file my_file22.txt (compact mmCIF, C-alpha atoms)
# COMPACT_ATOMS: atom_id res chain seq x y z
CA MET A 138 0.00 0.00 0.00
CA PRO A 139 1.54 3.29 -1.10
CA MET A 140 2.39 5.77 1.60
CA PRO A 141 0.32 9.08 1.48
CA LEU A 142 2.24 12.08 0.20
CA ARG A 143 3.24 14.37 3.00
CA LEU A 144 4.49 17.84 2.35
CA PRO A 145 6.97 19.41 4.65
CA LEU A 146 5.22 21.61 7.18
CA HIS A 147 6.93 24.79 5.99
CA ILE A 148 5.30 24.58 2.53
CA PRO A 149 1.61 24.90 3.58
CA VAL A 150 2.64 27.47 6.18
CA ALA A 151 4.38 29.51 3.49
CA VAL A 152 1.33 29.23 1.18
CA LEU A 153 -1.06 30.28 3.93
CA PHE A 154 1.22 33.16 4.90
CA SER A 155 1.37 34.33 1.26
CA LEU A 156 -2.40 34.21 0.99
CA LEU A 157 -2.65 36.17 4.21
CA ILE A 158 -0.31 38.84 2.83
CA LEU A 159 -2.35 39.05 -0.39
CA ALA A 160 -5.62 39.32 1.55
CA VAL A 161 -4.27 42.04 3.82
CA GLY A 162 -2.82 43.95 0.84
CA ALA A 163 -6.08 43.71 -1.09
CA THR A 164 -8.05 44.86 1.94
CA ILE A 165 -5.75 47.83 2.45
CA SER A 166 -5.95 48.74 -1.27
CA ILE A 167 -9.75 48.53 -1.30
CA TYR A 168 -9.95 50.61 1.87
CA HIS A 169 -7.60 53.25 0.48
CA PHE A 170 -9.49 53.27 -2.81
CA GLY A 171 -12.80 53.86 -1.01
CA GLU A 172 -11.30 56.64 1.08
CA THR A 173 -9.64 58.20 -1.97
CA ARG A 174 -12.86 58.05 -3.92
CA LEU A 175 -14.65 59.86 -1.12
CA LEU A 176 -11.94 62.53 -1.07
CA ILE A 177 -12.18 62.99 -4.85
CA GLU A 178 -15.96 63.20 -4.71
CA ALA A 179 -15.73 65.81 -1.94
CA ALA A 180 -13.20 67.81 -3.95
CA ASN A 181 -15.39 67.58 -7.05
CA THR A 182 -18.37 68.77 -5.02
CA THR A 183 -16.44 71.79 -3.80
CA LEU A 184 -15.17 72.54 -7.31
CA PHE A 185 -18.68 72.36 -8.77
CA ARG A 186 -20.10 74.55 -6.01
CA ASP A 187 -17.46 77.20 -6.76
CA ARG A 188 -18.05 76.85 -10.52
CA ALA A 189 -21.82 77.19 -10.09
CA GLU A 190 -21.34 80.27 -7.94
CA ASP A 191 -19.13 81.86 -10.62
CA VAL A 192 -21.77 81.23 -13.31
CA ARG A 193 -24.52 82.51 -11.04
CA LYS A 194 -22.61 85.73 -10.37
CA THR A 195 -21.98 86.16 -14.10
CA LEU A 196 -25.68 85.83 -14.94
CA ASN A 197 -26.77 88.14 -12.12
CA ALA A 198 -24.17 90.72 -13.14
CA ALA A 199 -25.41 90.62 -16.75
CA ASN A 200 -28.99 91.08 -15.58
CA ARG A 201 -28.00 94.11 -13.51
CA ALA A 202 -25.90 95.58 -16.34
CA VAL A 203 -28.81 95.34 -18.77
CA ARG A 204 -31.18 97.01 -16.29
CA ARG A 205 -28.69 99.83 -15.70
CA SER A 206 -28.32 100.25 -19.46
CA PHE A 207 -32.02 100.99 -19.86
CA ILE A 208 -31.97 103.44 -16.96
CA LEU A 209 -29.26 105.39 -18.81
CA LEU A 210 -30.87 105.00 -22.23
CA ALA A 211 -34.28 106.19 -20.97
CA ALA A 212 -33.00 109.74 -20.68
CA SER A 213 -30.78 109.67 -23.76
CA PRO A 214 -31.55 112.12 -26.62
CA LEU A 215 -30.27 109.38 -28.96
CA ALA A 216 -33.91 108.29 -29.36
CA ASP A 217 -34.61 111.55 -31.21
CA ALA A 218 -31.44 111.68 -33.33
CA ASN A 219 -32.48 112.17 -36.96
CA THR A 220 -29.17 112.13 -38.79
CA ARG A 221 -26.06 109.97 -38.92
CA ALA A 222 -23.96 112.78 -37.47
CA GLU A 223 -26.29 113.17 -34.51
CA ARG A 224 -26.26 109.45 -33.79
CA PHE A 225 -22.47 109.25 -33.79
CA GLN A 226 -22.30 111.82 -31.00
CA PHE A 227 -23.56 109.10 -28.64
CA LEU A 228 -20.91 106.54 -29.57
CA PRO A 229 -18.91 106.95 -26.30
CA GLU A 230 -22.12 106.41 -24.31
CA LEU A 231 -22.96 103.18 -26.14
CA THR A 232 -19.45 101.70 -26.02
CA GLY A 233 -19.50 102.39 -22.29
CA LEU A 234 -22.62 100.22 -21.98
CA LEU A 235 -20.85 97.42 -23.85
CA ASP A 236 -17.87 97.69 -21.52
CA ALA A 237 -20.19 97.26 -18.53
CA ASP A 238 -20.53 93.50 -19.00
CA PRO A 239 -18.84 90.87 -21.22
CA LEU A 240 -22.16 89.18 -22.05
CA ILE A 241 -23.60 92.29 -23.72
CA ASP A 242 -23.03 91.70 -27.41
CA SER A 243 -24.37 94.95 -28.84
CA VAL A 244 -26.63 97.94 -28.25
CA MET A 245 -29.00 99.21 -30.94
CA VAL A 246 -31.67 101.78 -31.64
CA GLY A 247 -34.51 101.17 -34.06
CA TYR A 248 -36.30 104.30 -35.27
CA GLY A 249 -39.88 104.71 -36.33
CA ASP A 250 -38.84 105.61 -39.87
CA GLY A 251 -36.87 102.36 -40.28
CA ALA A 252 -33.41 103.71 -39.46
CA LEU A 253 -31.08 101.57 -37.33
CA PHE A 254 -28.00 102.41 -35.27
CA LEU A 255 -26.10 99.42 -33.83
CA VAL A 256 -22.83 99.37 -31.89
CA GLN A 257 -20.96 96.12 -31.23
CA ARG A 258 -17.51 94.79 -30.52
CA ALA A 259 -15.51 94.42 -33.73
CA GLY A 260 -15.14 90.66 -33.18
CA GLY A 261 -12.97 88.91 -35.77
CA LEU A 262 -11.68 91.98 -37.56
CA GLN A 263 -8.11 91.02 -36.69
CA GLU A 264 -8.46 88.02 -38.97
CA THR A 265 -10.45 89.85 -41.66
CA GLY A 266 -8.50 93.00 -42.20
CA GLY A 267 -9.27 94.93 -39.01
CA GLU A 268 -5.67 96.11 -38.82
CA ILE A 269 -5.90 98.87 -41.43
CA ARG A 270 -2.92 100.96 -40.56
CA SER A 271 0.06 100.69 -38.22
CA GLY A 272 -1.10 100.69 -34.59
CA ALA A 273 -4.81 100.75 -35.55
CA MET A 274 -6.81 97.71 -34.50
CA GLY A 275 -10.57 97.50 -34.88
CA VAL A 276 -12.29 97.35 -31.48
CA TRP A 277 -15.76 98.75 -32.17
CA SER A 278 -18.04 98.24 -35.14
CA VAL A 279 -21.03 100.45 -35.95
CA ILE A 280 -23.83 99.59 -38.36
CA ASP A 281 -25.82 102.63 -39.40
CA MET A 282 -28.81 102.42 -41.72
CA ASP A 283 -30.86 105.39 -42.83
CA SER A 284 -34.58 105.13 -43.24
CA SER A 285 -35.73 103.50 -46.46
CA ASP A 286 -39.11 102.83 -48.03
CA ASP A 287 -37.69 99.60 -49.46
CA PRO A 288 -36.80 97.06 -46.70
CA GLY A 289 -34.71 95.14 -49.23
CA ASP A 290 -32.49 98.10 -49.98
CA ALA A 291 -29.08 97.69 -48.31
CA VAL A 292 -27.37 100.60 -50.09
CA SER A 293 -28.21 103.02 -47.29
CA GLY A 294 -26.42 100.81 -44.73
CA LEU A 295 -22.84 101.56 -43.78
CA GLU A 296 -20.41 99.84 -41.39
CA TYR A 297 -17.78 101.81 -39.50
CA VAL A 298 -14.81 100.38 -37.63
CA PHE A 299 -13.19 102.31 -34.76
CA ASP A 300 -10.15 101.69 -32.60
CA LYS A 301 -10.24 101.64 -28.80
CA ASP A 302 -10.01 105.46 -28.68
CA LEU A 303 -12.97 105.78 -31.07
CA ARG A 304 -10.83 106.95 -33.96
CA LEU A 305 -12.30 105.94 -37.30
CA ILE A 306 -10.33 103.22 -39.08
CA ARG A 307 -12.57 102.58 -42.05
CA ALA A 308 -16.08 102.98 -43.44
CA SER A 309 -17.65 100.66 -45.99
CA ALA A 310 -21.01 99.55 -47.29
CA TRP A 311 -22.80 97.07 -45.04
CA ALA A 312 -22.26 93.65 -46.65
CA GLY A 313 -25.27 91.93 -45.12
CA ALA A 314 -28.95 92.16 -45.83
CA ARG A 315 -30.72 95.27 -44.71
CA ILE A 316 -31.88 95.09 -41.08
CA GLU A 317 -35.36 96.54 -40.87
CA PRO A 318 -36.01 97.16 -37.16
CA ARG A 319 -39.77 97.61 -37.54
CA LEU A 320 -40.05 94.02 -38.78
CA SER A 321 -37.95 92.59 -35.93
CA ALA A 322 -39.50 90.79 -32.97
CA TRP A 323 -37.63 92.95 -30.42
CA TYR A 324 -38.93 96.18 -31.95
CA ARG A 325 -42.50 95.03 -32.31
CA LEU A 326 -42.68 93.64 -28.77
CA ALA A 327 -41.35 96.84 -27.20
CA ALA A 328 -43.32 99.19 -29.47
CA ALA A 329 -46.56 97.75 -28.10
CA SER A 330 -45.48 97.94 -24.44
CA ASP A 331 -44.34 100.43 -21.81
CA ARG A 332 -41.92 98.07 -20.07
CA ILE A 333 -38.80 96.10 -20.90
CA GLU A 334 -39.58 93.19 -23.20
CA VAL A 335 -37.36 90.18 -23.86
CA THR A 336 -37.31 88.08 -27.01
CA LYS A 337 -36.87 84.35 -27.24
CA ALA A 338 -33.42 83.11 -28.25
CA TYR A 339 -32.65 83.73 -31.92
CA ASP A 340 -29.73 84.19 -34.34
CA PHE A 341 -28.76 87.85 -34.40
CA GLN A 342 -29.36 89.55 -37.74
CA HIS A 343 -26.05 91.38 -37.55
CA GLY A 344 -24.22 88.04 -37.61
CA GLN A 345 -22.69 87.87 -34.13
CA GLY A 346 -24.10 84.58 -32.94
CA ARG A 347 -27.15 83.68 -30.90
CA GLY A 348 -28.82 85.22 -27.88
CA ILE A 349 -31.75 87.31 -26.68
CA THR A 350 -32.67 90.97 -26.95
CA PHE A 351 -33.94 93.20 -24.15
CA ALA A 352 -35.94 96.05 -25.68
CA ARG A 353 -37.84 99.10 -24.49
CA ARG A 354 -39.74 101.84 -26.26
CA ASN A 355 -38.66 105.47 -26.01
CA GLY A 356 -41.09 107.63 -27.94
CA SER A 357 -41.25 106.37 -31.50
CA SER A 358 -37.86 104.65 -31.13
CA VAL A 359 -36.92 101.36 -29.48
CA PHE A 360 -33.66 100.65 -27.65
CA GLY A 361 -32.33 97.09 -27.77
CA VAL A 362 -29.59 95.41 -25.74
CA ASN A 363 -28.39 92.06 -27.11
CA VAL A 364 -27.06 89.44 -24.69
CA SER A 365 -24.92 86.80 -26.36
CA PHE A 366 -25.19 83.12 -25.48
CA VAL A 367 -22.02 82.56 -27.51
CA ARG A 368 -20.12 84.88 -25.18
CA LEU A 369 -21.63 83.02 -22.24
CA GLY A 370 -20.36 79.76 -23.75
CA ASN A 371 -16.89 81.30 -24.06
CA LEU A 372 -16.95 82.10 -20.34
CA LEU A 373 -18.01 78.53 -19.56
CA ALA A 374 -15.07 77.31 -21.64
CA GLU A 375 -12.69 79.15 -19.31
CA GLN A 376 -13.64 76.85 -16.43
CA PRO A 377 -10.90 74.31 -15.50
CA VAL A 378 -12.13 70.88 -16.62
CA THR A 379 -10.80 67.49 -17.73
CA PRO A 380 -10.66 66.73 -21.49
CA SER A 381 -13.95 64.80 -21.64
CA THR A 382 -15.93 67.03 -19.28
CA ARG A 383 -19.08 68.58 -20.74
CA ILE A 384 -20.73 71.77 -19.43
CA ARG A 385 -24.13 73.06 -20.44
CA LEU A 386 -26.65 75.66 -19.38
CA VAL A 387 -30.11 74.29 -20.14
CA ALA A 388 -33.57 75.84 -20.04
CA GLN A 389 -36.64 74.42 -18.33
CA ASP A 390 -37.54 72.51 -21.48
CA HIS A 391 -34.01 71.00 -21.45
CA ALA A 392 -33.01 72.93 -24.59
CA THR A 393 -29.38 74.00 -24.55
CA VAL A 394 -29.03 77.69 -23.75
CA SER A 395 -25.26 77.85 -23.92
CA ALA A 396 -22.23 75.58 -24.04
CA PRO A 397 -18.53 75.98 -24.84
CA GLY A 398 -17.99 76.21 -28.59
CA MET A 399 -21.63 76.92 -29.31
CA SER A 400 -22.55 79.29 -32.14
CA SER A 401 -25.50 79.94 -34.41
CA GLY A 402 -23.80 78.07 -37.24
CA THR A 403 -22.50 75.16 -35.16
CA PRO A 404 -25.09 72.56 -34.12
CA GLN A 405 -24.53 70.76 -30.86
CA ASN A 406 -22.35 67.68 -31.27
CA LEU A 407 -24.02 64.87 -29.32
CA THR A 408 -21.64 62.12 -30.33
CA ALA A 409 -19.28 62.46 -27.40
CA GLY A 410 -19.86 60.33 -24.32
CA GLY A 411 -20.44 63.27 -22.00
CA ASP A 412 -23.10 64.74 -24.30
CA ARG A 413 -24.98 61.46 -24.33
CA VAL A 414 -24.80 61.31 -20.54
CA ILE A 415 -26.30 64.81 -20.30
CA GLU A 416 -29.09 63.90 -22.70
CA SER A 417 -29.84 60.81 -20.62
CA VAL A 418 -29.78 62.71 -17.31
CA LEU A 419 -32.13 65.41 -18.60
CA THR A 420 -34.78 62.83 -19.45
CA GLN A 421 -34.92 61.79 -15.80
CA PRO A 422 -37.10 63.60 -13.22
CA GLN A 423 -35.27 66.65 -11.89
CA GLY A 424 -35.82 68.60 -8.69
CA ASN A 425 -35.02 72.25 -8.05
CA ALA A 426 -32.14 71.64 -5.66
CA ALA A 427 -28.48 71.08 -6.53
CA THR A 428 -27.71 67.40 -6.97
CA GLN A 429 -24.67 65.21 -7.58
CA ARG A 430 -24.60 61.54 -8.45
CA ILE A 431 -22.80 58.89 -10.50
CA GLU A 432 -24.20 57.75 -13.84
CA SER A 433 -22.98 54.82 -15.91
CA ALA A 434 -22.76 55.28 -19.67
CA ALA A 435 -23.57 52.58 -22.22
CA ASP A 436 -19.86 51.75 -22.53
CA GLY A 437 -19.64 51.13 -18.77
CA ARG A 438 -17.74 54.33 -18.04
CA ALA A 439 -18.76 56.01 -14.76
CA TRP A 440 -19.52 59.76 -14.81
CA GLN A 441 -19.85 62.26 -12.02
CA VAL A 442 -23.01 64.30 -12.73
CA SER A 443 -23.52 67.68 -11.07
CA ILE A 444 -26.64 69.84 -11.54
CA ALA A 445 -27.40 73.22 -9.99
CA PRO A 446 -30.29 75.68 -10.52
CA MET A 447 -29.30 78.96 -12.20
CA PRO A 448 -31.08 82.31 -12.54
CA GLY A 449 -32.03 82.78 -16.16
CA PHE A 450 -32.85 86.14 -17.66
CA VAL A 451 -36.12 87.78 -16.61
CA ASP A 452 -38.36 85.06 -15.12
CA GLU A 453 -36.63 82.04 -16.62
CA ALA A 454 -34.99 79.31 -14.54
CA TRP A 455 -31.98 77.50 -15.99
CA LYS A 456 -29.77 74.66 -14.84
CA LEU A 457 -26.02 74.22 -14.98
CA VAL A 458 -25.12 70.62 -15.87
CA VAL A 459 -21.56 69.31 -15.63
CA VAL A 460 -20.54 65.71 -16.30
CA THR A 461 -17.01 64.40 -15.76
CA PRO A 462 -15.69 60.82 -16.16
CA GLU A 463 -14.46 59.34 -12.91
CA ASP A 464 -11.30 57.89 -14.45
CA GLU A 465 -10.20 61.38 -15.54
CA LEU A 466 -10.88 62.73 -12.06
CA PHE A 467 -8.66 59.96 -10.68
CA ALA A 468 -5.97 60.69 -13.28
CA GLU A 469 -6.06 64.40 -12.40
CA ALA A 470 -5.75 63.57 -8.70
CA ILE A 471 -2.79 61.24 -9.33
CA GLY A 472 -1.13 63.86 -11.54
CA CYS A 473 -1.49 66.45 -8.77
CA GLY A 474 -0.08 64.04 -6.18
CA SER A 475 -3.36 63.84 -4.29
CA VAL A 476 -3.60 60.09 -4.89
CA PRO A 477 -0.71 57.61 -4.61
CA SER A 478 0.07 56.38 -8.12
CA HIS A 479 0.33 52.73 -7.01
CA LEU A 480 -3.35 52.58 -6.11
CA PRO A 481 -5.52 50.80 -8.69
CA TYR A 482 -8.64 52.35 -10.22
CA TRP A 483 -11.82 50.28 -10.34
CA PRO A 484 -14.62 52.04 -12.25
call {"tool": "encode", "arguments": {"input": "my_file22.txt", "output": "structure tokens"}}
result
Amino acid sequence: MPMPLRLPLHIPVAVLFSLLILAVGATISIYHFGETRLLIEAANTTLFRDRAEDVRKTLNAANRAVRRSFILLAASPLADANTRAERFQFLPELTGLLDADPLIDSVMVGYGDGALFLVQRAGGLQETGGEIRSGAMGVWSVIDMDSSDDPGDAVSGLEYVFDKDLRLIRASAWAGARIEPRLSAWYRLAAASDRIEVTKAYDFQHGQGRGITFARRNGSSVFGVNVSFVRLGNLLAEQPVTPSTRIRLVAQDHATVSAPGMSSGTPQNLTAGGDRVIESVLTQPQGNAATQRIESAADGRAWQVSIAPMPGFVDEAWKLVVVTPEDELFAEAIGCGSVPSHLPYWP
């Protein structure tokens, strides 16, 4: 009868000891991972709270700037200016209103005879010939259109470009279609009212993106202040985020108000993972309080979702939505030295 195989005692002891070491190491790693995840979530919560407060202050400041603009415009003789020369006397006043807030895209006056006077930032003139002479860079652009019985006539429209000191750089015929203020929604709303009216979001006729217009009647004229959602998106883009993070301001109907890179000619790209996560989150019931949670995408990637209520313009209520993949948060923390690099990441 064969003798049973007997291993030396030190072999099973060594195996058991190795398993014990592995179990202890795994337990420590899991514990540290849980603690690290809590720290990262707490840091992300603080970051989002600060980001939401910045956006809230920006929107409130824009609201106040627009209200102040109409207080100043209410007493302005610009409403009664009949000639181009008279209108240009008020250029310093209007550029000052634009300087009051970065979200104000332009200020305009629509006259009862169909004339239009619009002042805006010169925008992309640096790339399109704004630098006309040495030391002269276009900062302000003025579109001035005399009254015309033919709304399709653009000959009476001129565009002027000024430098920062309001010195004329160039004057040329307005290249776009004639802007007839009396046919515009902002003019017609305000002309029938004695208070400030606000349009729905639309693509600006003067070609500077998308936004809304605050308008108020002054005699037979109407003052309009355009607030740019494209400029708002540019401010959102300045927020420190990871590469795949998506930020959006959405309206009550979940339509996108503003997002980084948004313009009137650029439809929203919903192919990225973060965009799909936002679309999915917005279809779920939402409360009015700030919330944060983890959502799993179709590819199994985990995303930190943060939502906060925002004050929209006038009586609207918006929401700030930010989604960030957890693996990128972990990578950022490791890169900053907040997380030991030897710790594993389990999504």
call {"tool": "atom_distance", "arguments": {"input": "my_file22.txt", "atom1": "atom CA of Ala212 of chain A", "atom2": "atom CA of Leu303 of chain A"}}
result
22.9 Å
call {"tool": "residues_around", "arguments": {"input": "my_file22.txt", "residues": "Ile349 of chain A", "least_positions_apart": "4", "cutoff": "6 Å", "atoms": "all atoms listed in the file", "output": "list of chain:residue names"}}
result
A:Thr336, A:Lys337, A:Ala338, A:Asn363, A:Val364
call {"tool": "atom_distance", "arguments": {"input": "my_file22.txt", "atom1": "atom CA of Leu295 of chain A", "atom2": "atom CA of Gly313 of chain A"}}
result
10.0 Å
call {"tool": "axis_aligned_box", "arguments": {"input": "my_file22.txt", "around": "segment 431-440 of chain A", "padding_each_side": "5 Å", "output": "lines of an AutoDock Vina configuration file"}}
result
center_x = -21.0
center_y = 55.4
center_z = -16.5
size_x = 16.5
size_y = 18.6
size_z = 22.0
call {"tool": "atom_distance", "arguments": {"input": "my_file22.txt", "atom1": "atom CA of Ser381 of chain A", "atom2": "atom CA of Gln441 of chain A"}}
result
11.6 Å
call {"tool": "closest_residue", "arguments": {"input": "my_file22.txt", "among": "A:Ala388, A:Ile148, A:Ala312, A:Ala352", "to": "Ala327 of chain A", "atoms": "all atoms listed in the file"}}
result
A:Ala352
call {"tool": "residues_around", "arguments": {"input": "my_file22.txt", "residues": "Glu178 of chain A", "least_positions_apart": "6", "cutoff": "10 Å", "atoms": "all atoms listed in the file", "output": "JSON, numbers by chain"}}
result
{"A": [172, 184, 429, 430, 431, 441, 463, 466, 467]}
call {"tool": "write_last_selection", "arguments": {"input": "my_file22.txt", "atoms": "C-alpha atoms", "output": "compact mmCIF listing (two decimals), keeping the file's coordinate frame"}}
result
# COMPACT_ATOMS: atom_id res chain seq x y z
CA GLU A 172 -11.30 56.64 1.08
CA LEU A 184 -15.17 72.54 -7.31
CA GLN A 429 -24.67 65.21 -7.58
CA ARG A 430 -24.60 61.54 -8.45
CA ILE A 431 -22.80 58.89 -10.50
CA GLN A 441 -19.85 62.26 -12.02
CA GLU A 463 -14.46 59.34 -12.91
CA LEU A 466 -10.88 62.73 -12.06
CA PHE A 467 -8.66 59.96 -10.68
call {"tool": "residues_around", "arguments": {"input": "my_file22.txt", "residues": "Arg224 of chain A", "least_positions_apart": "6", "cutoff": "12 Å", "atoms": "all atoms listed in the file", "output": "PyMOL selection string"}}
result
chain A and resi 213-218+230-231+245-248+252-256+279-283
call {"tool": "closest_residue", "arguments": {"input": "my_file22.txt", "among": "A:Gln257, A:Thr461, A:Ser417, A:Gln226", "to": "Thr379 of chain A", "atoms": "only C-alpha atoms"}}
result
A:Thr461
call {"tool": "closest_residue", "arguments": {"input": "my_file22.txt", "among": "A:Asp412, A:Tyr339, A:Thr420, A:Glu190", "to": "Pro448 of chain A", "atoms": "all atoms listed in the file"}}
result
A:Glu190
call {"tool": "build_atoms", "arguments": {"input": "my_file22.txt", "residues": "segment 225-238 of chain A", "atoms": "N, CA and C atoms", "output": "mmCIF file, in the frame of the given file"}}
result
data_model
loop_
_atom_site.group_PDB
_atom_site.id
_atom_site.type_symbol
_atom_site.label_atom_id
_atom_site.label_comp_id
_atom_site.auth_asym_id
_atom_site.auth_seq_id
_atom_site.Cartn_x
_atom_site.Cartn_y
_atom_site.Cartn_z
ATOM 1 N N PHE A 225 -23.860 109.549 -34.143
ATOM 2 C CA PHE A 225 -22.470 109.250 -33.790
ATOM 3 C C PHE A 225 -21.996 110.043 -32.575
ATOM 4 N N GLN A 226 -22.683 111.071 -32.200
ATOM 5 C CA GLN A 226 -22.300 111.820 -31.000
ATOM 6 C C GLN A 226 -22.458 110.975 -29.732
ATOM 7 N N PHE A 227 -23.280 109.935 -29.821
ATOM 8 C CA PHE A 227 -23.560 109.100 -28.640
ATOM 9 C C PHE A 227 -22.727 107.820 -28.634
ATOM 10 N N LEU A 228 -21.739 107.739 -29.512
ATOM 11 C CA LEU A 228 -20.910 106.540 -29.570
ATOM 12 C C LEU A 228 -20.181 106.251 -28.256
ATOM 13 N N PRO A 229 -19.571 107.244 -27.588
ATOM 14 C CA PRO A 229 -18.910 106.950 -26.300
ATOM 15 C C PRO A 229 -19.889 106.388 -25.257
ATOM 16 N N GLU A 230 -21.112 106.885 -25.264
ATOM 17 C CA GLU A 230 -22.120 106.410 -24.310
ATOM 18 C C GLU A 230 -22.441 104.939 -24.553
ATOM 19 N N LEU A 231 -22.585 104.548 -25.819
ATOM 20 C CA LEU A 231 -22.960 103.180 -26.140
ATOM 21 C C LEU A 231 -21.806 102.203 -25.929
ATOM 22 N N THR A 232 -20.592 102.586 -26.274
ATOM 23 C CA THR A 232 -19.450 101.700 -26.020
ATOM 24 C C THR A 232 -19.231 101.516 -24.523
ATOM 25 N N GLY A 233 -19.581 102.534 -23.744
ATOM 26 C CA GLY A 233 -19.500 102.390 -22.290
ATOM 27 C C GLY A 233 -20.470 101.341 -21.770
ATOM 28 N N LEU A 234 -21.651 101.258 -22.377
ATOM 29 C CA LEU A 234 -22.620 100.220 -21.980
ATOM 30 C C LEU A 234 -22.098 98.833 -22.326
ATOM 31 N N LEU A 235 -21.427 98.709 -23.469
ATOM 32 C CA LEU A 235 -20.850 97.420 -23.850
ATOM 33 C C LEU A 235 -19.737 97.009 -22.903
ATOM 34 N N ASP A 236 -18.963 97.988 -22.447
ATOM 35 C CA ASP A 236 -17.870 97.690 -21.520
ATOM 36 C C ASP A 236 -18.375 97.263 -20.145
ATOM 37 N N ALA A 237 -19.659 97.532 -19.864
ATOM 38 C CA ALA A 237 -20.190 97.260 -18.530
ATOM 39 C C ALA A 237 -20.270 95.775 -18.222
ATOM 40 N N ASP A 238 -20.399 94.935 -19.257
ATOM 41 C CA ASP A 238 -20.530 93.500 -19.000
ATOM 42 C C ASP A 238 -20.109 92.718 -20.232
#
